[in-house]
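Just target_22.tsv here, TSV, C-alpha atoms:
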```tsv
chain	number	residue	atom	x	y	z
R	21	MET	CA	0.00	0.00	0.00
R	22	TYR	CA	2.82	2.37	0.88
R	23	VAL	CA	5.24	1.03	-1.71
R	24	ARG	CA	4.18	3.37	-4.51
R	25	PRO	CA	4.45	6.62	-2.47
R	26	LEU	CA	7.75	5.34	-1.03
R	27	ILE	CA	9.27	4.68	-4.47
R	28	THR	CA	7.90	8.00	-5.70
R	29	GLY	CA	9.53	9.81	-2.78
R	30	ILE	CA	12.85	8.08	-3.40
R	31	ALA	CA	12.58	8.92	-7.11
R	32	PHE	CA	12.03	12.64	-6.52
R	33	ALA	CA	14.72	12.85	-3.84
R	34	SER	CA	17.21	11.03	-6.05
R	35	ALA	CA	16.40	13.39	-8.94
R	36	LEU	CA	17.89	16.12	-6.74
R	37	PHE	CA	20.72	14.29	-5.01
R	38	ALA	CA	21.56	10.93	-6.60
R	39	PRO	CA	23.08	9.81	-9.91
R	40	PRO	CA	20.66	9.65	-12.87
R	41	TRP	CA	20.33	5.86	-12.81
R	42	MET	CA	18.56	6.04	-9.45
R	43	PRO	CA	15.43	7.96	-10.56
R	44	MET	CA	15.54	5.91	-13.77
R	45	ILE	CA	15.26	2.63	-11.84
R	46	CYS	CA	12.50	4.06	-9.65
R	47	ALA	CA	10.60	5.32	-12.71
R	48	GLY	CA	10.98	1.92	-14.38
R	49	ALA	CA	9.68	0.11	-11.29
R	50	LEU	CA	6.74	2.50	-10.94
R	51	ALA	CA	5.82	2.35	-14.62
R	52	LEU	CA	6.09	-1.44	-14.71
R	53	ARG	CA	3.75	-2.06	-11.81
R	54	TRP	CA	1.33	0.87	-11.79
R	55	ARG	CA	-0.14	3.44	-14.16
R	56	ALA	CA	2.13	5.83	-12.33
R	57	TRP	CA	1.37	9.28	-13.73
R	58	GLU	CA	3.92	10.71	-11.25
R	59	VAL	CA	6.71	9.44	-13.52
R	60	LEU	CA	5.83	12.23	-15.97
R	61	PRO	CA	6.35	15.13	-13.53
R	62	LEU	CA	9.54	13.35	-12.40
R	63	GLY	CA	10.91	13.39	-15.94
R	64	MET	CA	9.80	16.96	-16.43
R	65	LEU	CA	11.48	18.01	-13.16
R	66	ILE	CA	14.81	16.50	-14.30
R	67	ASP	CA	14.58	18.37	-17.60
R	68	MET	CA	13.55	21.63	-15.93
R	69	LEU	CA	16.39	21.49	-13.39
R	70	TYR	CA	19.31	20.31	-15.46
R	71	LEU	CA	18.67	20.94	-19.15
R	72	PRO	CA	19.32	24.54	-20.18
R	73	ALA	CA	16.39	26.14	-21.99
R	74	GLY	CA	16.23	25.53	-25.73
R	75	GLN	CA	18.97	22.90	-25.66
R	76	PHE	CA	18.81	19.31	-26.81
R	77	PHE	CA	20.55	16.25	-25.43
R	78	LEU	CA	21.82	13.95	-28.21
R	79	GLY	CA	19.45	15.82	-30.52
R	80	ILE	CA	16.40	15.14	-28.35
R	81	PRO	CA	14.37	17.92	-26.70
R	82	PHE	CA	13.12	17.19	-23.14
R	83	PRO	CA	14.76	13.73	-23.07
R	84	ALA	CA	13.73	12.75	-19.52
R	85	THR	CA	10.11	13.76	-20.11
R	86	LEU	CA	10.03	11.81	-23.37
R	87	ALA	CA	11.67	8.81	-21.66
R	88	ALA	CA	8.97	8.96	-18.98
R	89	LEU	CA	6.26	9.04	-21.67
R	90	VAL	CA	7.81	6.06	-23.45
R	91	LEU	CA	8.07	4.15	-20.17
R	92	LEU	CA	4.50	4.86	-19.13
R	93	TRP	CA	2.80	4.21	-22.44
R	94	GLY	CA	5.25	1.54	-23.59
R	95	PHE	CA	4.68	-0.58	-20.50
R	96	GLU	CA	0.88	-0.33	-20.81
R	97	PRO	CA	0.35	-3.71	-22.55
R	98	LEU	CA	2.66	-5.47	-20.08
R	99	ARG	CA	0.99	-3.71	-17.17
R	100	ARG	CA	-2.44	-4.80	-18.40
R	101	GLN	CA	-1.26	-8.39	-18.23
R	102	LEU	CA	0.16	-7.88	-14.74
R	103	MET	CA	-3.01	-6.20	-13.53
R	104	ALA	CA	-5.20	-8.90	-15.08
R	105	THR	CA	-3.88	-11.55	-12.70
F	3	MET	CA	-9.10	-16.93	-25.14
F	4	ASN	CA	-8.29	-15.16	-21.91
F	5	LEU	CA	-10.30	-16.86	-19.14
F	6	TYR	CA	-9.21	-14.41	-16.48
F	7	ARG	CA	-11.49	-11.53	-15.70
F	8	ARG	CA	-9.72	-8.19	-16.14
F	9	ASN	CA	-9.15	-6.38	-12.87
F	10	ASN	CA	-9.90	-2.70	-13.25
F	11	ARG	CA	-9.37	-1.66	-9.64
F	12	HIS	CA	-6.24	0.29	-10.58
F	13	GLY	CA	-8.26	2.66	-12.78
F	14	GLY	CA	-8.16	3.16	-16.53
F	15	VAL	CA	-5.73	5.06	-18.67
F	16	ARG	CA	-7.59	8.34	-18.13
F	17	PRO	CA	-5.26	9.60	-15.33
F	18	LEU	CA	-2.31	8.89	-17.61
F	19	MET	CA	-3.85	10.83	-20.47
F	20	VAL	CA	-4.66	13.75	-18.16
F	21	ALA	CA	-1.10	13.73	-16.79
F	22	THR	CA	0.34	13.59	-20.31
F	23	LEU	CA	-1.78	16.55	-21.41
F	24	LEU	CA	-0.89	18.52	-18.27
F	25	VAL	CA	2.83	17.92	-18.77
F	26	ALA	CA	2.54	18.99	-22.41
F	27	LEU	CA	0.73	22.13	-21.29
F	28	VAL	CA	3.36	22.98	-18.67
F	29	LEU	CA	6.18	22.47	-21.19
F	30	ALA	CA	4.38	24.66	-23.74
F	31	LEU	CA	3.78	27.33	-21.09
F	32	ASP	CA	7.46	27.24	-20.13
F	33	LEU	CA	8.57	27.58	-23.74
F	34	LEU	CA	6.13	30.41	-24.48
F	35	ALA	CA	6.79	32.28	-21.24
F	36	GLY	CA	10.57	32.25	-21.61
F	37	GLY	CA	11.39	29.63	-18.98
F	38	ILE	CA	9.21	30.90	-16.14
F	39	VAL	CA	8.30	27.37	-14.99
F	40	ARG	CA	11.90	26.14	-14.94
F	41	ASP	CA	12.95	29.27	-13.01
F	42	GLN	CA	10.37	28.49	-10.36
F	43	ALA	CA	11.37	24.82	-10.29
F	44	ARG	CA	15.05	25.73	-9.86
F	45	SER	CA	14.27	28.30	-7.15
F	46	ALA	CA	12.30	25.69	-5.21
F	47	ALA	CA	15.03	23.07	-5.72
F	48	ALA	CA	17.67	25.62	-4.68
F	49	LEU	CA	15.95	25.91	-1.29
F	50	VAL	CA	16.09	22.13	-0.85
F	51	TRP	CA	19.72	21.92	-2.01
F	52	SER	CA	20.77	24.80	0.28
F	53	GLY	CA	18.90	23.26	3.22
F	54	MET	CA	20.55	19.89	2.70
F	55	GLY	CA	23.93	21.54	2.16
F	56	ASN	CA	23.61	23.42	5.45
F	57	ALA	CA	22.49	20.28	7.27
F	58	HIS	CA	25.42	18.32	5.82
F	59	GLU	CA	27.83	21.08	6.78
F	60	GLY	CA	26.39	21.17	10.31
F	61	LEU	CA	26.82	17.42	10.72
F	62	ARG	CA	30.34	17.61	9.36
F	63	GLN	CA	31.33	20.34	11.81
F	64	TRP	CA	29.60	18.59	14.70
F	65	ASN	CA	31.79	15.52	14.12
F	66	PHE	CA	29.30	13.38	15.97
F	67	PHE	CA	30.54	10.16	14.41
F	68	ALA	CA	34.24	10.75	14.87
F	69	ASP	CA	36.06	9.34	17.85
F	70	ARG	CA	39.14	10.79	19.48
F	71	ARG	CA	41.74	8.63	17.75
F	72	GLU	CA	40.29	9.29	14.32
F	73	LEU	CA	40.36	13.00	15.06
F	74	LEU	CA	44.00	12.84	16.15
F	75	GLU	CA	44.97	10.98	12.98
F	76	GLU	CA	43.01	13.41	10.84
F	77	ASN	CA	44.64	16.31	12.67
F	78	ARG	CA	48.11	14.89	11.98
F	79	ALA	CA	47.35	14.32	8.29
F	80	LEU	CA	45.85	17.77	7.91
F	81	THR	CA	48.82	19.42	9.63
F	82	SER	CA	51.24	17.86	7.16
F	83	GLU	CA	48.93	18.78	4.27
F	84	VAL	CA	48.79	22.39	5.47
F	85	ALA	CA	52.59	22.48	5.61
F	86	SER	CA	52.96	21.24	2.04
F	87	LEU	CA	50.18	23.54	0.82
F	88	SER	CA	51.83	26.51	2.54
F	89	ALA	CA	55.02	25.80	0.63
F	90	LEU	CA	53.08	25.56	-2.62
F	91	ARG	CA	51.21	28.75	-1.83
F	92	LEU	CA	54.44	30.59	-1.24
F	93	GLU	CA	55.75	29.40	-4.58
F	94	ASN	CA	52.44	30.35	-6.19
F	95	ASP	CA	52.59	33.85	-4.67
F	96	ILE	CA	56.08	34.36	-6.04
F	97	VAL	CA	55.07	33.20	-9.52
F	98	ARG	CA	51.92	35.36	-9.43
F	99	ALA	CA	53.88	38.43	-8.40
F	100	GLU	CA	56.35	37.78	-11.19
F	101	ASN	CA	53.48	37.24	-13.64
F	102	THR	CA	51.81	40.52	-12.63
F	103	ALA	CA	55.09	42.40	-12.97
F	104	LEU	CA	55.66	40.95	-16.44
F	105	ARG	CA	52.08	41.72	-17.50
F	106	ASP	CA	52.48	45.32	-16.33
F	107	LEU	CA	55.76	45.54	-18.19
F	108	LEU	CA	54.24	44.24	-21.42
F	109	ALA	CA	50.82	45.94	-20.88
F	110	VAL	CA	48.96	42.62	-21.18
F	111	PRO	CA	45.51	42.72	-19.51
F	112	GLU	CA	44.48	40.12	-16.89
F	113	HIS	CA	42.38	37.19	-18.07
F	114	GLY	CA	38.76	37.76	-17.17
F	115	ARG	CA	36.90	39.73	-14.57
F	116	ALA	CA	35.60	38.14	-11.38
F	117	VAL	CA	31.83	38.30	-11.35
F	118	ALA	CA	30.76	36.33	-8.30
F	119	THR	CA	31.61	33.55	-5.91
F	120	ALA	CA	28.80	31.03	-5.88
F	121	ARG	CA	27.79	28.00	-3.95
F	122	VAL	CA	27.45	24.74	-5.89
F	123	LEU	CA	23.82	23.77	-5.33
F	124	SER	CA	23.35	20.53	-7.23
F	125	ARG	CA	26.03	17.85	-7.38
F	126	PRO	CA	27.36	17.40	-10.93
F	127	HIS	CA	26.72	13.63	-10.73
F	128	ALA	CA	22.98	14.20	-10.24
F	129	SER	CA	22.49	15.61	-13.72
F	130	PRO	CA	22.18	13.29	-16.72
F	131	TYR	CA	23.22	16.14	-19.01
F	132	GLY	CA	26.62	17.12	-17.57
F	133	THR	CA	25.29	20.26	-15.94
F	134	PHE	CA	25.06	21.60	-12.41
F	135	VAL	CA	23.30	24.49	-10.73
F	136	ILE	CA	25.08	27.27	-8.84
F	137	GLY	CA	23.59	29.71	-6.37
F	138	ALA	CA	24.31	32.94	-8.25
F	139	GLY	CA	22.33	34.42	-11.09
F	140	SER	CA	21.61	37.58	-13.00
F	141	ASP	CA	21.09	39.47	-9.70
F	142	ASP	CA	24.78	38.80	-8.97
F	143	GLY	CA	25.95	39.83	-12.43
F	144	VAL	CA	26.27	36.33	-13.86
F	145	SER	CA	25.52	36.08	-17.57
F	146	VAL	CA	25.42	33.35	-20.20
F	147	GLY	CA	28.90	32.35	-21.41
F	148	ASP	CA	30.74	33.21	-18.18
F	149	HIS	CA	33.40	30.76	-17.09
F	150	VAL	CA	32.87	28.83	-13.86
F	151	LEU	CA	36.15	28.18	-12.08
F	152	ALA	CA	37.15	25.70	-9.43
F	153	PRO	CA	40.08	26.53	-7.13
F	154	GLY	CA	43.31	26.70	-9.10
F	155	SER	CA	41.81	28.57	-12.09
F	156	ILE	CA	40.39	25.37	-13.53
F	157	SER	CA	37.44	26.21	-15.73
F	158	LEU	CA	34.78	23.56	-15.23
F	159	GLY	CA	32.39	24.92	-17.81
F	160	ARG	CA	30.35	27.84	-18.95
F	161	VAL	CA	27.07	29.32	-17.77
F	162	ALA	CA	24.36	28.09	-20.14
F	163	GLU	CA	21.28	29.62	-18.56
F	164	VAL	CA	20.71	32.28	-15.93
F	165	SER	CA	17.77	33.13	-13.71
F	166	ALA	CA	17.61	35.69	-10.93
F	167	GLY	CA	19.28	33.63	-8.21
F	168	THR	CA	20.60	30.53	-9.93
F	169	ALA	CA	22.52	29.57	-13.05
F	170	VAL	CA	22.97	26.31	-14.95
F	171	VAL	CA	26.56	25.44	-15.81
F	172	GLU	CA	27.44	23.15	-18.71
F	173	MET	CA	30.66	21.28	-18.07
F	174	PHE	CA	33.30	21.21	-20.80
F	175	LEU	CA	34.02	17.51	-20.26
F	176	ARG	CA	30.39	16.39	-20.29
F	177	ASN	CA	29.51	13.31	-22.31
F	178	GLY	CA	29.29	13.93	-26.03
F	179	ASN	CA	30.87	17.39	-25.93
F	180	GLU	CA	34.00	18.25	-27.87
F	181	VAL	CA	36.21	21.14	-26.83
F	182	GLU	CA	39.37	22.51	-28.38
F	183	VAL	CA	42.31	22.82	-26.02
F	184	ILE	CA	45.99	23.64	-26.04
F	185	ILE	CA	48.43	21.05	-24.79
F	186	ALA	CA	52.22	20.88	-24.89
F	187	GLU	CA	52.38	24.69	-24.98
F	188	ASP	CA	51.14	25.25	-28.53
F	189	ALA	CA	49.35	22.18	-29.92
F	190	LEU	CA	45.64	22.72	-30.57
F	191	VAL	CA	43.75	19.46	-30.19
F	192	SER	CA	40.17	18.34	-29.67
F	193	VAL	CA	39.06	16.65	-26.43
F	194	ALA	CA	35.95	14.50	-26.22
F	195	GLY	CA	34.23	14.77	-22.84
F	196	GLN	CA	33.63	11.51	-21.02
F	197	GLY	CA	31.37	12.61	-18.24
F	198	GLY	CA	32.20	15.68	-16.19
F	199	SER	CA	35.73	15.27	-14.99
F	200	THR	CA	37.49	13.19	-17.63
F	201	GLY	CA	38.12	13.58	-21.34
F	202	LEU	CA	39.98	11.80	-24.11
F	203	SER	CA	42.05	13.24	-26.90
F	204	GLU	CA	43.90	11.59	-29.76
F	205	VAL	CA	47.15	13.43	-30.20
F	206	PRO	CA	49.72	12.81	-32.97
F	207	ARG	CA	52.73	10.89	-31.72
F	208	SER	CA	55.00	13.69	-32.88
F	209	ILE	CA	53.69	15.91	-30.08
F	210	THR	CA	55.47	15.31	-26.82
F	211	VAL	CA	53.15	15.26	-23.84
F	212	ALA	CA	53.71	14.27	-20.23
F	213	GLU	CA	51.47	13.30	-17.37
F	214	GLY	CA	50.58	16.30	-15.25
F	215	ASP	CA	50.88	18.82	-18.09
F	216	PRO	CA	48.19	21.52	-17.98
F	217	VAL	CA	45.40	21.46	-20.58
F	218	LEU	CA	44.49	25.04	-21.48
F	219	LEU	CA	41.49	26.65	-23.12
F	220	PRO	CA	42.49	28.84	-26.06
F	221	ASN	CA	42.21	32.62	-25.57
F	222	SER	CA	41.15	32.38	-21.95
F	223	GLY	CA	44.14	31.71	-19.74
F	224	PHE	CA	42.20	29.01	-17.90
F	225	ALA	CA	42.96	25.31	-17.69
F	226	ILE	CA	40.28	22.65	-17.95
F	227	GLY	CA	42.44	20.02	-16.32
F	228	THR	CA	45.70	18.16	-16.56
F	229	ILE	CA	46.94	15.18	-18.54
F	230	GLY	CA	46.21	12.14	-16.42
F	231	ARG	CA	47.35	9.14	-18.46
F	232	ILE	CA	48.87	8.52	-21.86
F	233	GLN	CA	48.41	5.35	-23.87
F	234	THR	CA	50.38	4.74	-27.03
F	235	PRO	CA	49.27	1.67	-29.00
F	236	PRO	CA	52.37	0.33	-30.83
F	237	ALA	CA	50.99	0.52	-34.37
F	238	ALA	CA	48.91	3.70	-34.03
F	239	ALA	CA	49.81	7.10	-35.41
F	240	PHE	CA	48.10	8.73	-32.46
F	241	GLN	CA	48.53	8.54	-28.71
F	242	GLN	CA	45.49	8.50	-26.48
F	243	VAL	CA	45.70	11.26	-23.90
F	244	PHE	CA	43.33	11.15	-20.97
F	245	ILE	CA	42.45	14.51	-19.44
F	246	THR	CA	41.36	14.75	-15.81
F	247	VAL	CA	40.22	17.55	-13.56
F	248	PRO	CA	42.69	17.42	-10.65
F	249	LEU	CA	40.03	17.79	-7.96
F	250	ASN	CA	36.88	16.03	-6.91
F	251	ILE	CA	34.10	18.02	-8.55
F	252	GLN	CA	31.48	16.06	-6.62
F	253	THR	CA	32.61	17.56	-3.33
F	254	LEU	CA	33.16	21.06	-4.63
F	255	ARG	CA	31.26	23.58	-2.50
F	256	PHE	CA	32.11	26.94	-4.02
F	257	VAL	CA	33.09	28.17	-7.48
F	258	ARG	CA	34.12	31.49	-8.96
F	259	VAL	CA	32.34	32.97	-11.94
F	260	MET	CA	34.58	34.90	-14.33
F	261	SER	CA	33.63	36.94	-17.34
F	262	LEU	CA	36.05	37.25	-20.24
```

Please lay out the structure from this file as structure tokens.
Amino acid sequence: MYVRPLITGIAFASALFAPPWMPMICAGALALRWRAWEVLPLGMLIDMLYLPAGQFFLGIPFPATLAALVLLWGFEPLRRQLMAT
Amino acid sequence: MNLYRRNNRHGGVRPLMVATLLVALVLALDLLAGGIVRDQARSAAALVWSGMGNAHEGLRQWNFFADRRELLEENRALTSEVASLSALRLENDIVRAENTALRDLLAVPEHGRAVATARVLSRPHASPYGTFVIGAGSDDGVSVGDHVLAPGSISLGRVAEVSAGTAVVEMFLRNGNEVEVIIAEDALVSVAGQGGSTGLSEVPRSITVAEGDPVLLPNSGFAIGTIGRIQTPPAAAFQQVFITVPLNIQTLRFVRVMSL
């Protein structure tokens, strides 16, 4: 019951203080198990804090936000199967 | 055929669609309003970073977890370090004085103008983009393109974006970035950043380089690091030169902002 808020808390705290793989793992875990809309603001926060305005990373605008979108919507079929059991 | 009944207790995809639309709206608002949302986000994060920095500093000074013997050993090590640093400082002062005298003699202006001393708010390792946030902004005279220096006139990067109280610094040696540098006094070569504090350059074998040599930015008078390691494959025309920043940028607490 408290697992989702706990992982979300860790994800947001690690976006500020930990290496990038930490929020990435948390976002992956959240998106795999739940329809975790909070992954989107997490990705957006990372972009807002660290990516200078108007700049791309490897040619991609808002990479963390886009990665969050891909995670959330990409895991939807798998999540449906998980939730169906 | 799926015999299991679908469990819909977790809700449909509607919250996801709403969140997606909201995020798109916020990003559009930020783009249209000239970065107002990211300024607010950074200001709020700056409060958290400063608070945690102060708490960390308090704990460090309190030395709650250190016992007497550890403190004595640390004291002894620090005393010897202070002695060696004092000697280096003396040498540095002499060289600086000589440098100033020569500059005056030749009427060469100093490199850059000090703009501000700023606290490092976010740790460089927290950013996936090779950036970090400092606690000085346009209110302190910081502007885009200013150099951000670590102790020892090592330029870590340049200011990429400024708000009132914070600025985002892009590191020269961030992943995927190429920067032109001068090594071996007059050889202009390209260095590929490998993540914040290390870089790699392929230098012709005809150029003589040595470990510990400074790596300078052209037309700035600042170094971005030193040569850490040199690998020369037997059959290659080039030698691989690894550039390192000779300090731990993850524990850096203050930086200087210089304008050229």

Exercise for the section: Enumerate as a ChimeraX atom specification the residues belonging to chain R that approach chain F to within 6 Å, with all atoms listed in the file taken into account. Expected result: /R:37-40,57,68-70,72,104

Handout entry: Best match for closeness to Phe95 of chain R among R:Gly79, R:Gly48, R:Gly74, R:Gly63, counting only C-alpha atoms
Key =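 The shortest atom-to-atom distance to Phe95 of chain R comes from R:Gly48.
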
Practice task
Find, counting all atoms listed in the file, the residue in R:Val59, R:Asp67, R:Arg99, R:Leu92 that gets nearest to Ile80 of chain R.
Solution key: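 Checking each of R:Val59, R:Asp67, R:Arg99, R:Leu92 against Ile80 of chain R, counting all atoms listed in the file, the winner is R:Asp67.
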
Practice task
Rank F:Val247, F:Ala212, F:Leu219, F:Leu31 by their smallest atom-to-atom distance to Gln233 of chain F, using only C-alpha atoms, and report the top residue only.
Solution key: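 Between F:Val247, F:Ala212, F:Leu219, F:Leu31, the residue approaching Gln233 of chain F most closely is F:Ala212.
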
Practice task
Excluding Ser199 of chain F and residues on its chain fewer than 5 positions from it, collect all residues at most 9 Å away from it, counting all atoms listed in the file, and give them as a list of chain:residue names.
Solution key: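 Everything that qualifies: F:Leu158, F:Met173, F:Phe174, F:Leu175, F:Arg176, F:Gly227, F:Ile245, F:Thr246, F:Val247, F:Pro248, F:Leu249, F:Asn250, F:Ile251.
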
Those same residues - C-alpha atoms - I'd like them written as a CSV table (one decimal), in the coordinates of the input.
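Output file result.csv is given in full below:
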```
chain,number,residue,atom,x,y,z
F,158,LEU,CA,34.8,23.6,-15.2
F,173,MET,CA,30.7,21.3,-18.1
F,174,PHE,CA,33.3,21.2,-20.8
F,175,LEU,CA,34.0,17.5,-20.3
F,176,ARG,CA,30.4,16.4,-20.3
F,227,GLY,CA,42.4,20.0,-16.3
F,245,ILE,CA,42.4,14.5,-19.4
F,246,THR,CA,41.4,14.8,-15.8
F,247,VAL,CA,40.2,17.6,-13.6
F,248,PRO,CA,42.7,17.4,-10.6
F,249,LEU,CA,40.0,17.8,-8.0
F,250,ASN,CA,36.9,16.0,-6.9
F,251,ILE,CA,34.1,18.0,-8.6
```

Practice task
Within 8 Å of Asp215 of chain F, counting only C-alpha atoms, which residues show up once you throw out same-chain ones fewer than 3 positions away? Write them as a PyMOL selection string, please.
Solution key: chain F and resi 185-186+211-212+228-229
